[in-house]
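As structure tokens, the structure follows; a few thoughts come after it.
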Amino acid sequence: MWARLLVRSGVVGLGVRVPSECVRVAGAAGGPQHHHRHASTSEASLKQTVLYDFHRAQGGKMVGFAGWSMPVQYKDSHIVSHMHTREHCSIFDVSHMLQTKVHGKDRIKFMESLVVADIAELQDNQGTLTLFTNEKGGIIDDLIVTKTDQNYLYVVSNAGCADKDSALMKSRLAEFKAAGLDVNLEFLDQALIALQGPSMSRVLQAGVKEDLGKLTFMTSSLATVFGVPDCRVTRCGYTGEDGVEISVPLSRVVELTEKLLANSEVKLAGLGARDSLRLEAGLCLYGNDIDDTTTPVEATLVWTIGKRRRKARDFPGADIIVPQIKAKTARKRVGLVSTGPPVRQHTPILSPDGEVIGEVTSGCPSPCLKKNVSMGYVEAAFAKNGTAVQVEVRKKAVPAVVSKMPFVPTNYFSGN
């Protein structure tokens with residue numbers, strides 16, 4: 001029953017439901033990379049990651065996602081994959097994401113000219129979630145920037161936004177070069193896999209010399225992983241569980257994936273499980289929950305804006321975004337919990353009196369909670385946790401409650 005609800009609500013049909021122009025399914029994205037091939041026949045326009053043949057051999061059901069042919073699920077059902085990730089650990093292929101290195105002595109100044117985070121204050125090998133913003137205060141994309149100890153910034157951004165992200169960075173690069181500043185971009189031709197779940201550390205520790213107990217959430221390290229050299233391991237992910245994303249040389253990623261799968265704790269998981277996992281964790285999907293018409297304040301992402309940056313107002317859109325922090329906004333992103341029929345994207349959110357007060361941006365039945373969870377934007381007067389509202393499903397008003405996110409507690413590793 002619950003599995004059928006998930007299929008009907010569009011989670012398993014992710015490739016059809018999710019906007020193709022800019023979408024996040026990991027922590028970040030694909031772009032001017034050279035490792036992809038193009039799919040054949042009906043998938044002719046879709047790019048393939050280096051793991052495409054491996055996915056097919058493992059029973060992966062391939063769907064179109066952000067211009068790529070990606071596995072939505074494998075032989076296990078979506079719910080089995082979801083719960084396996086919560087209880088053990090799973091591998092997700094996120095090689096479609098755009099991986100970039102920013103070199104040069106002015107690399108921090110360059111990146112801070114585009115994003116809202118305080119990159120300068122990061123410690124060596126520490127990363128942060130941040131946002132590209134436009135002059136109107138809208139969110140161009142969300143991304144992770146890591147300040148490495150190797151004299152470069154490591155940037156991971158969304159597959160669906162790869163073209164516009166790379167164009168944005170190239171345009172700013174030209175401005176910096178014209179001003180005589182020292183900065184260079186390197187778009188990486190690497191695979192990227194995410195190992196997510198509570199047993200991740202135990203599984204991965206068997207294949208690395210580094211003590212994973214010292215690799216805390218949002219920190220990164222270069223490592224040899226199960227005999228595969230030149231990997232970058234970053235403790236982050238898009239599921240709410242403890243996990244890592246591993247940037248791997250193209251020629252060795254199938255080998256590494258097979259070595260990880262040799263442990264019975266590890267299974268493959270696809271986009272269907274990734275979407276429901278991230279939604280339970282209250283994480284935004286670019287193109288659904290945030291886009292260039294939403295500001296960080298409306299999206300309740302003020303925490304991504306560095307305090308120094310707020311004071312200096314030196315990031316794109318700062319003159320619109322910073323005043324909103326105190327003045328508040330007319331609408332706000334909230335979480336919703338309901339029972340009954342599943343709540344889909346674009347479902348109207350109603351006041352108790354039946355007036356439209358907002359719209360759902362993401363929704364699915366929660367495998368963990370056995371309730372429907374969703375997020376969306378409502379008028380500020382209805383944004384307080386515990387507020388009773390309604391959602392209009394199949395032209396019927398269904399009771400819902402504004403709820404704190406994450407819906408399921410997160411398990412990020414902050415240290416022993």
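Ordering of the structure tokens sets the chain letters (A, B, ...), residue numbers begin anew at 1 in every chain, and ligands are numbered from 1 in the order given.
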Q | Neighbour list for segment 82-93 of chain A as a PyMOL selection string, cut-off 7 Å, only C-alpha atoms, skip fewer than 5 positions in-chain | A | chain A and resi 192-200+241+265-270+273+277
Contacts between segment 280-293 of chain A and segment 304-355 of chain A, please, where a residue of segment 304-355 of chain A counts if it comes within 9 Å (with only C-alpha atoms); show its shortest atom pair and distance in Å to one decimal, rows by chain and ascending number, as JSON lines.
{"residue": "A:Arg333", "atom": "CA", "partner": "A:Asp289", "partner_atom": "CA", "distance": 8.1}
{"residue": "A:Gly335", "atom": "CA", "partner": "A:Gly282", "partner_atom": "CA", "distance": 7.5}
{"residue": "A:Gln345", "atom": "CA", "partner": "A:Asn288", "partner_atom": "CA", "distance": 7.8}
Output file for the selection above: C-alpha atoms, as a PDB file, in the first residue's frame:
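In the end it all went to again-v1.pdb:
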ATOM      1  CA  ARG A 333       9.110  27.837   3.470  1.00  0.00           C
ATOM      2  CA  GLY A 335       7.159  21.714   6.552  1.00  0.00           C
ATOM      3  CA  GLN A 345       4.137  19.387  -5.799  1.00  0.00           C
TER       4      GLN A 345
END
**Q.** Pick from A:Ala117, A:Val391, A:Leu204, A:Val398 nearest to Leu301 of chain A, counting only C-alpha atoms
**A.** A:Ala117
Q) So how many Å separate atom CA of Leu188 of chain A and atom CA of Lys209 of chain A, to one decimal? A)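 Separation of atom CA of Leu188 of chain A and atom CA of Lys209 of chain A: 24.9 Å.
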(Q) If you run DSSP on the backbone here, which positions in segment 108-209 of chain A get alpha helix (DSSP H)? Please write them as a PyMOL selection string. (A) chain A and resi 108-112+162-178+200-205
Can you write out the residues you just picked, keeping N, CA and C atoms, as an mmCIF file, in the first residue's frame?
data_model
loop_
_atom_site.group_PDB
_atom_site.id
_atom_site.type_symbol
_atom_site.label_atom_id
_atom_site.label_comp_id
_atom_site.auth_asym_id
_atom_site.auth_seq_id
_atom_site.Cartn_x
_atom_site.Cartn_y
_atom_site.Cartn_z
ATOM 1 N N ILE A 108 39.476 32.908 -3.039
ATOM 2 C CA ILE A 108 38.442 33.152 -2.032
ATOM 3 C C ILE A 108 37.654 34.413 -2.381
ATOM 4 N N LYS A 109 38.362 35.454 -2.781
ATOM 5 C CA LYS A 109 37.690 36.687 -3.206
ATOM 6 C C LYS A 109 36.767 36.409 -4.386
ATOM 7 N N PHE A 110 37.221 35.589 -5.312
ATOM 8 C CA PHE A 110 36.422 35.208 -6.480
ATOM 9 C C PHE A 110 35.139 34.513 -6.040
ATOM 10 N N MET A 111 35.261 33.486 -5.207
ATOM 11 C CA MET A 111 34.077 32.728 -4.818
ATOM 12 C C MET A 111 33.131 33.576 -3.978
ATOM 13 N N GLU A 112 33.667 34.430 -3.121
ATOM 14 C CA GLU A 112 32.806 35.276 -2.295
ATOM 15 C C GLU A 112 32.096 36.351 -3.114
ATOM 16 N N ALA A 162 24.315 22.930 -14.192
ATOM 17 C CA ALA A 162 25.738 22.933 -14.550
ATOM 18 C C ALA A 162 26.067 23.975 -15.604
ATOM 19 N N ASP A 163 25.233 24.082 -16.633
ATOM 20 C CA ASP A 163 25.531 25.032 -17.713
ATOM 21 C C ASP A 163 25.509 26.469 -17.207
ATOM 22 N N LYS A 164 24.474 26.816 -16.450
ATOM 23 C CA LYS A 164 24.398 28.202 -15.994
ATOM 24 C C LYS A 164 25.414 28.483 -14.886
ATOM 25 N N ASP A 165 25.723 27.470 -14.060
ATOM 26 C CA ASP A 165 26.736 27.662 -13.016
ATOM 27 C C ASP A 165 28.115 27.871 -13.629
ATOM 28 N N SER A 166 28.451 27.035 -14.610
ATOM 29 C CA SER A 166 29.766 27.174 -15.238
ATOM 30 C C SER A 166 29.853 28.486 -16.005
ATOM 31 N N ALA A 167 28.747 28.896 -16.662
ATOM 32 C CA ALA A 167 28.743 30.184 -17.369
ATOM 33 C C ALA A 167 28.912 31.339 -16.400
ATOM 34 N N LEU A 168 28.256 31.242 -15.241
ATOM 35 C CA LEU A 168 28.371 32.282 -14.224
ATOM 36 C C LEU A 168 29.811 32.413 -13.738
ATOM 37 N N MET A 169 30.429 31.266 -13.440
ATOM 38 C CA MET A 169 31.811 31.300 -12.945
ATOM 39 C C MET A 169 32.780 31.775 -14.026
ATOM 40 N N LYS A 170 32.560 31.357 -15.277
ATOM 41 C CA LYS A 170 33.438 31.790 -16.368
ATOM 42 C C LYS A 170 33.323 33.298 -16.613
ATOM 43 N N SER A 171 32.102 33.814 -16.519
ATOM 44 C CA SER A 171 31.895 35.249 -16.717
ATOM 45 C C SER A 171 32.614 36.055 -15.640
ATOM 46 N N ARG A 172 32.485 35.607 -14.389
ATOM 47 C CA ARG A 172 33.167 36.312 -13.300
ATOM 48 C C ARG A 172 34.677 36.142 -13.407
ATOM 49 N N LEU A 173 35.114 34.979 -13.886
ATOM 50 C CA LEU A 173 36.546 34.746 -14.097
ATOM 51 C C LEU A 173 37.110 35.769 -15.083
ATOM 52 N N ALA A 174 36.377 36.015 -16.161
ATOM 53 C CA ALA A 174 36.843 36.991 -17.161
ATOM 54 C C ALA A 174 36.990 38.373 -16.535
ATOM 55 N N GLU A 175 36.051 38.742 -15.657
ATOM 56 C CA GLU A 175 36.132 40.040 -14.975
ATOM 57 C C GLU A 175 37.363 40.099 -14.075
ATOM 58 N N PHE A 176 37.605 39.024 -13.351
ATOM 59 C CA PHE A 176 38.769 38.990 -12.457
ATOM 60 C C PHE A 176 40.068 39.036 -13.259
ATOM 61 N N LYS A 177 40.112 38.291 -14.350
ATOM 62 C CA LYS A 177 41.310 38.300 -15.190
ATOM 63 C C LYS A 177 41.561 39.704 -15.749
ATOM 64 N N ALA A 178 40.498 40.369 -16.187
ATOM 65 C CA ALA A 178 40.628 41.707 -16.752
ATOM 66 C C ALA A 178 41.138 42.705 -15.717
ATOM 67 N N MET A 200 28.049 3.529 7.412
ATOM 68 C CA MET A 200 29.039 4.013 6.447
ATOM 69 C C MET A 200 30.442 3.994 7.002
ATOM 70 N N SER A 201 30.620 4.542 8.194
ATOM 71 C CA SER A 201 31.958 4.696 8.752
ATOM 72 C C SER A 201 32.639 3.346 8.946
ATOM 73 N N ARG A 202 31.894 2.370 9.431
ATOM 74 C CA ARG A 202 32.455 1.044 9.653
ATOM 75 C C ARG A 202 32.850 0.397 8.325
ATOM 76 N N VAL A 203 32.011 0.574 7.312
ATOM 77 C CA VAL A 203 32.294 0.006 5.992
ATOM 78 C C VAL A 203 33.520 0.662 5.376
ATOM 79 N N LEU A 204 33.565 1.986 5.399
ATOM 80 C CA LEU A 204 34.631 2.713 4.717
ATOM 81 C C LEU A 204 35.951 2.625 5.461
ATOM 82 N N GLN A 205 35.906 2.567 6.791
ATOM 83 C CA GLN A 205 37.145 2.542 7.567
ATOM 84 C C GLN A 205 38.023 1.353 7.197
#
(Q) Set the distance at 9 Å and use only C-alpha atoms: which residues neighbour Arg309 of chain A once local chain neighbours fewer than 2 positions away are removed? I'd like the list as a ChimeraX atom specification. (A) /A:112,116-118,305-307,311-315,318
Export C-alpha atoms of the chosen residues as an mmCIF file, in the first residue's frame?
data_model
loop_
_atom_site.group_PDB
_atom_site.id
_atom_site.type_symbol
_atom_site.label_atom_id
_atom_site.label_comp_id
_atom_site.auth_asym_id
_atom_site.auth_seq_id
_atom_site.Cartn_x
_atom_site.Cartn_y
_atom_site.Cartn_z
ATOM 1 C CA GLU A 112 32.806 35.276 -2.295
ATOM 2 C CA VAL A 116 26.645 34.289 0.385
ATOM 3 C CA ALA A 117 28.999 32.240 2.618
ATOM 4 C CA ASP A 118 32.058 33.414 4.512
ATOM 5 C CA ILE A 305 24.744 33.752 4.960
ATOM 6 C CA GLY A 306 27.984 34.543 6.811
ATOM 7 C CA LYS A 307 27.728 37.203 9.538
ATOM 8 C CA LYS A 311 27.487 43.270 7.606
ATOM 9 C CA ALA A 312 29.531 44.016 4.489
ATOM 10 C CA ARG A 313 26.612 43.437 2.106
ATOM 11 C CA ASP A 314 29.132 42.409 -0.537
ATOM 12 C CA PHE A 315 27.377 39.452 -2.200
ATOM 13 C CA ALA A 318 22.635 41.676 -0.523
#
Q.
Applying 10 Å and only C-alpha atoms, which residues near segment 213-218 of chain A remain after dropping the ones on its own chain fewer than 2 positions away? List them as a PyMOL selection string.
A. chain A and resi 125-129+144-146+201+205+210-211+220-221+233-237+242-244+411-416
What would the file look like if the residues just selected were written as a compact mmCIF listing (two decimals), in the first residue's frame with N, CA and C atoms?
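Result file out-v7.txt:
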# COMPACT_ATOMS: atom_id res chain seq x y z
N ASN A 125 40.29 22.31 4.74
CA ASN A 125 39.53 21.08 4.51
C ASN A 125 38.14 21.09 5.14
N GLN A 126 37.63 22.28 5.39
CA GLN A 126 36.25 22.43 5.86
C GLN A 126 35.40 22.99 4.73
N GLY A 127 34.16 22.51 4.64
CA GLY A 127 33.26 22.99 3.60
C GLY A 127 31.99 23.57 4.19
N THR A 128 31.18 24.17 3.32
CA THR A 128 29.91 24.73 3.74
C THR A 128 28.92 24.69 2.59
N LEU A 129 27.65 24.52 2.93
CA LEU A 129 26.60 24.71 1.95
C LEU A 129 26.44 26.21 1.74
N ILE A 144 28.15 23.22 -2.56
CA ILE A 144 29.06 23.04 -1.43
C ILE A 144 30.45 23.50 -1.85
N VAL A 145 31.03 24.36 -1.04
CA VAL A 145 32.39 24.87 -1.28
C VAL A 145 33.28 24.40 -0.14
N THR A 146 34.38 23.74 -0.49
CA THR A 146 35.34 23.26 0.50
C THR A 146 36.67 23.99 0.30
N SER A 201 30.62 4.54 8.19
CA SER A 201 31.96 4.70 8.75
C SER A 201 32.64 3.35 8.95
N GLN A 205 35.91 2.57 6.79
CA GLN A 205 37.14 2.54 7.57
C GLN A 205 38.02 1.35 7.20
N GLU A 210 43.24 6.67 6.92
CA GLU A 210 42.87 7.81 7.76
C GLU A 210 41.81 7.41 8.79
N ASP A 211 41.86 8.02 9.96
CA ASP A 211 40.89 7.76 11.02
C ASP A 211 39.62 8.55 10.71
N SER A 220 36.77 17.36 4.69
CA SER A 220 37.17 16.64 3.49
C SER A 220 38.63 16.24 3.57
N SER A 221 38.99 15.16 2.88
CA SER A 221 40.37 14.69 2.89
C SER A 221 40.67 13.94 1.61
N VAL A 233 37.43 12.46 -0.23
CA VAL A 233 36.34 11.98 0.62
C VAL A 233 35.82 13.14 1.44
N THR A 234 34.55 13.48 1.27
CA THR A 234 33.94 14.60 1.99
C THR A 234 32.76 14.08 2.80
N ARG A 235 32.75 14.37 4.09
CA ARG A 235 31.69 13.85 4.96
C ARG A 235 30.46 14.74 4.84
N CYS A 236 29.59 14.37 3.94
CA CYS A 236 28.37 15.14 3.70
C CYS A 236 27.40 14.24 2.97
N GLY A 237 26.28 14.76 2.55
CA GLY A 237 25.33 13.96 1.82
C GLY A 237 23.97 14.60 1.78
N ASP A 242 24.54 9.93 8.42
CA ASP A 242 26.00 10.04 8.30
C ASP A 242 26.37 9.51 6.92
N GLY A 243 27.32 10.15 6.29
CA GLY A 243 27.69 9.69 4.96
C GLY A 243 28.86 10.45 4.39
N VAL A 244 29.34 10.00 3.25
CA VAL A 244 30.43 10.67 2.53
C VAL A 244 30.07 10.74 1.05
N ASN A 411 21.40 12.55 11.43
CA ASN A 411 22.47 11.83 12.16
C ASN A 411 23.86 12.21 11.65
N TYR A 412 24.06 13.49 11.39
CA TYR A 412 25.36 13.94 10.91
C TYR A 412 26.41 13.73 12.00
N PHE A 413 27.62 13.37 11.58
CA PHE A 413 28.69 13.04 12.52
C PHE A 413 29.49 14.28 12.88
N SER A 414 29.39 14.71 14.14
CA SER A 414 30.10 15.92 14.60
C SER A 414 31.32 15.60 15.44
N GLY A 415 31.62 14.33 15.62
CA GLY A 415 32.79 13.93 16.40
C GLY A 415 32.41 12.95 17.48
N ASN A 416 33.41 12.24 18.00
CA ASN A 416 33.16 11.25 19.04
C ASN A 416 32.80 11.89 20.37
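Coordinates place atom CA of Val297 of chain A at a distance of 15.1 Å from atom CA of Lys384 of chain A.
Between atom CA of Ser251 of chain A and atom CA of Thr219 of chain A the interatomic distance comes to 25.2 Å.
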Q) Can you list every residue in segment 70-286 of chain A that DSSP puts in strand (DSSP E or B), as a PyMOL selection string? A) chain A and resi 70-73+89-93+98-103+115+126-133+139-147+152-157+184-187+190-196+219-225+228-234+243-249+266-268+286
